[in-house]
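Please read the structure below before turning to the comments.
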Amino acid sequence: MSAPSQSGGASITDERQLVEYFENACKPPSRWRLGTEHEKFVFDRETLRPLPYEGDQSISAFLEKLTRFGWTPMQENGRTVALEMGDCHITLEPGGQLELAGAPLYTIHETCDEIHTHLRQVKEVAADMNVGLIGLGFQPKWSRAESPWMPKERYEIMGNYMPKVGNLGLDMMLRTSTVQVNIDYGSESDMIKKFRVGLALQPIATALFANSPFTEGKPNGFVSYRSQIWTDTDPDRCGMLDWVFEDEMGFERYKDFALDVPMYFVYRDGHYIDAAGQSFRDFMAGKLPALPGERPVMSDWDDHLTTLFPEVRLKRFMEMRGADGGPWRRLCALPALWAGLCYDSTALDEAWALVADFTPAERNHLRDQAPIHGLATPFRGATMGGIAREAVAIAQRGLSRRANLDGQDRDEAMYLDQLAEIAETGITPAEHLLSLYEGRWNQSVDPVFHEFAY
């Protein structure tokens with residue numbers, strides 16, 4: 001979810017500062033970058049069980065061994081909970097999922113090189129420890145009770161709060177894995193268009209990357225159970241945000257949404273203070289029960305924004321959040337998809353034209369049905385597959401116009417070849433896994449750990 005918090009920044013005395021937080025993040029296109037984050041499950045190759053945090057064969061040992069490549073440990077209460085190197089971080093999700101939060105990079109070629117370097121490093125350490133790593137949207141074998149908890153104070157606070165507001169929040173924390181891409185915006189109007197395109201097409205990304213059809217060793221009835229879990233996690237902070245398509249949308253409106261979402265915590269003096277369910281507005285008035293008389297600083301606003309979980313999230317950049325974790329080739333495909341759609345003005349116009357007449361009911365239909373039916377989701381007398389094919393084609397043209405070539409004179413559109421094939425066949429990665437399960441895997445999920453490990 002994040003590297004350890006850093007407390008500081010200007011005191012917040014007026015809501016206008018919260019809007020300026022977004023305004024000051026606007027960048028000209030020459031400074032637009034892509035940040036790719038991807039998670040993976042770590043498991044014992046012999047038992048196929050998750051690693052605990054402590055011990056000889058553990059997550060903490062894994063992090064320690066990664067320092068051989070120049071990573072610097074980041075600690076909380078004397079325990080290593082993240083690594084940093086320049087603008088990159090390796091962080092831990094609540095159940096021990098290992099995440100690379102990549103640097104902001106200009107081209108997909110650079111992003112793919114970063115992913116390759118990271119996977120080479122973790123595979124070397126994994127071989128030393130006889131453990132494996134796999135990218136799937138949901139843990140296919142372990143139960144919630146079998147999943148370890150990482151020793152981070154913010155996760156303890158969230159874990160206590162989640163069951164009060166939804167039924168699947170703990171599964172989201174412990175058993176899901178995702179890939180997401182962070183993109184920049186040039187102005188408020190640019191942010192609005194990208195936000196609307198991102199929300200409307202997020203179900204398409206969910207279907208194209210759907211890769212979580214198993215729960216505790218059996219098919220679960222979904223192609224993206226990870227996506228389904230978000231529908232029963234916390235209604236205050238998740239969802240499709242229908243108001244984004246209304247005239248009032250802008251930095252001010254998103255600020256109001258964020259202020260309406262209950263807090264989780266406040267970070268002070270190296271510790272997370274439980275403020276779950278409390279109001280950031282009360283915090284600004286000096287009336288936060290967790291810290292009576294104290295008012296927030298800008299790092300508190302930054303932290304609070306990380307605890308919102310809509311399908312597209314706005315911070316000092318925008319996060320496209322709808323995809324399941326997967327194999328390394330698809331890790332490159334997600335930033336390619338959104339760069340192709342959003343970082344070429346013609347492509348962004350075409351993408352908006354593709355979705356501009358979707359009604360709120362249609363957008364929510366796609367969101368609700370994509371985790372179940374994938375690209376076969378019914379839509380306007382056909383299926384969502386047709387929208388997927390158009391979206392991928394728009395992105396391919398956008399990447400070709402960007403004309404960023406690698407050493408073999410290939411442009412970034414090549415990273416969409418696998419998505420184009422998925423869109424054309426209509427067969428999601430999850431359906432491929434299900435066919436293996438019903439076929440040569442003899443209704444066992446164990447082979448996925450061997451055949452699809454990094």
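Letters A, B, ... mark the chains of the structure tokens in the order given; residue numbers begin at 1 per chain; ligand numbers begin at 1, in order shown.
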### Task
Find the residues near Ile394 of chain A: any atom within 8 Å, counting only C-alpha atoms, skip ones fewer than 4 places away on the same chain, and give them as a PyMOL selection string.
chain A and resi 340-341+347+350-351+390+398
### Query
Just asking: which residues within segment 113-179 of chain A are alpha helix (DSSP H) according to DSSP, as a PyMOL selection string?
chain A and resi 113-129+153-165+169-175
Segment 273-382 of chain A residues near segment 216-231 of chain A within 10 Å, closest pair each, using only C-alpha atoms, as CSV:
```
residue,atom,partner,partner_atom,distance
A:Phe309,CA,A:Trp230,CA,8.4
A:Pro310,CA,A:Trp230,CA,8.9
A:Glu311,CA,A:Trp230,CA,9.1
A:Arg321,CA,A:Ser227,CA,9.6
A:Gly322,CA,A:Ser227,CA,7.0
A:Ala323,CA,A:Ser227,CA,7.8
A:Asp324,CA,A:Arg226,CA,6.8
A:Gly325,CA,A:Arg226,CA,9.4
A:Arg367,CA,A:Ser227,CA,8.8
A:Asp368,CA,A:Gln228,CA,7.8
A:Gln369,CA,A:Gln228,CA,9.1
A:Ala370,CA,A:Ser224,CA,7.8
A:Pro371,CA,A:Ser224,CA,4.5
A:Ile372,CA,A:Phe222,CA,4.4
A:His373,CA,A:Val223,CA,6.8
A:Gly374,CA,A:Val223,CA,6.4
A:Leu375,CA,A:Val223,CA,9.8
```
### Task
Identify, with DSSP run on backbone atoms, the residues in segment 293-452 of chain A assigned to strand (DSSP E or B), and express the list as a PyMOL selection string.
chain A and resi 297+309-310+312-314+318-324+378-379+382-383
### Query
Looking at only C-alpha atoms, which of A:Arg16, A:Arg402, A:His118, A:Arg79 is the one that sits closest to Glu37 of chain A?
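Of the candidates, the smallest distance to Glu37 of chain A is held by A:His118.
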### Task
Can you work out which one of A:Val445, A:Leu331, A:Ala453, A:Ile108 has the shortest atom-to-atom distance to Phe214 of chain A, counting only C-alpha atoms?
A:Val445
### Message
Would you pick out the contacts of Thr176 of chain A at 8 Å or less, using only C-alpha atoms, so that residues sharing its chain but fewer than 4 positions from it are not included, and give the list as a list in words?
### Response
Leu136, Gly137, Phe138, Gln139, Asp171, Met172 and Arg226 of chain A
Kindly export the residues of the current selection with N, CA and C atoms, as a compact mmCIF listing (two decimals), in the first residue's frame.
```txt
# COMPACT_ATOMS: atom_id res chain seq x y z
N LEU A 136 -0.89 -13.16 -9.12
CA LEU A 136 -2.30 -13.50 -9.35
C LEU A 136 -3.13 -12.45 -8.63
N GLY A 137 -4.38 -12.28 -9.03
CA GLY A 137 -5.20 -11.27 -8.39
C GLY A 137 -5.66 -11.65 -7.00
N PHE A 138 -5.79 -12.96 -6.75
CA PHE A 138 -6.23 -13.42 -5.44
C PHE A 138 -5.49 -14.70 -5.11
N GLN A 139 -5.13 -14.84 -3.85
CA GLN A 139 -4.43 -16.04 -3.40
C GLN A 139 -5.28 -17.28 -3.66
N ASP A 171 -10.01 -9.80 3.45
CA ASP A 171 -9.52 -10.53 2.27
C ASP A 171 -8.80 -9.59 1.32
N MET A 172 -9.33 -8.38 1.16
CA MET A 172 -8.63 -7.39 0.33
C MET A 172 -7.21 -7.18 0.85
N ARG A 226 -10.56 -10.58 -7.09
CA ARG A 226 -9.96 -9.38 -6.50
C ARG A 226 -10.85 -8.18 -6.72
```
With segment 140-153 of chain A as the partner and 10 Å as the cut-off, tabulate the residues of segment 234-335 of chain A that qualify, each row holding the nearest pair of atoms and their distance in Å to one decimal, using only C-alpha atoms, sorted by chain and rising number, as a tab-separated table.
```
residue	atom	partner	partner_atom	distance
A:Phe265	CA	A:Glu153	CA	9.4
A:Tyr267	CA	A:Glu153	CA	9.8
A:His271	CA	A:Glu153	CA	7.3
A:Tyr272	CA	A:Glu153	CA	5.9
A:Ile273	CA	A:Glu153	CA	8.5
A:Asp274	CA	A:Glu153	CA	9.0
```
#### Entry: Residue with smallest distance to Ala101 of chain A - pool A:Asn182, A:Ser177, A:Thr67, A:Thr117, counting only C-alpha atoms
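Nearest candidate to Ala101 of chain A out of A:Asn182, A:Ser177, A:Thr67, A:Thr117: A:Asn182.
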### Spatial neighbours of Lys65 of chain A, 10 Å, only C-alpha atoms, chain gap at least 6 places, as a list in words
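After dropping sequence-adjacent residues, the list is Ile59, Trp71, Gln121, Val122, Glu124, Val125, Ala126, Asp128 and Met129 of chain A.
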Restrict the selected residues to C-alpha atoms and save them as a PDB file, in the first residue's frame.
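result.pdb was written with the following content:
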```
ATOM      1  CA  ILE A  59       9.559 -12.103   4.590  1.00  0.00           C
ATOM      2  CA  TRP A  71      18.433  -1.423  -1.298  1.00  0.00           C
ATOM      3  CA  GLN A 121      16.704  -9.655  -8.153  1.00  0.00           C
ATOM      4  CA  VAL A 122      13.775 -11.255  -6.352  1.00  0.00           C
ATOM      5  CA  GLU A 124      17.840 -14.690  -7.252  1.00  0.00           C
ATOM      6  CA  VAL A 125      16.903 -14.274  -3.597  1.00  0.00           C
ATOM      7  CA  ALA A 126      13.984 -16.683  -3.971  1.00  0.00           C
ATOM      8  CA  ASP A 128      18.623 -18.924  -2.375  1.00  0.00           C
ATOM      9  CA  MET A 129      15.704 -19.416   0.029  1.00  0.00           C
TER      10      MET A 129
END
```
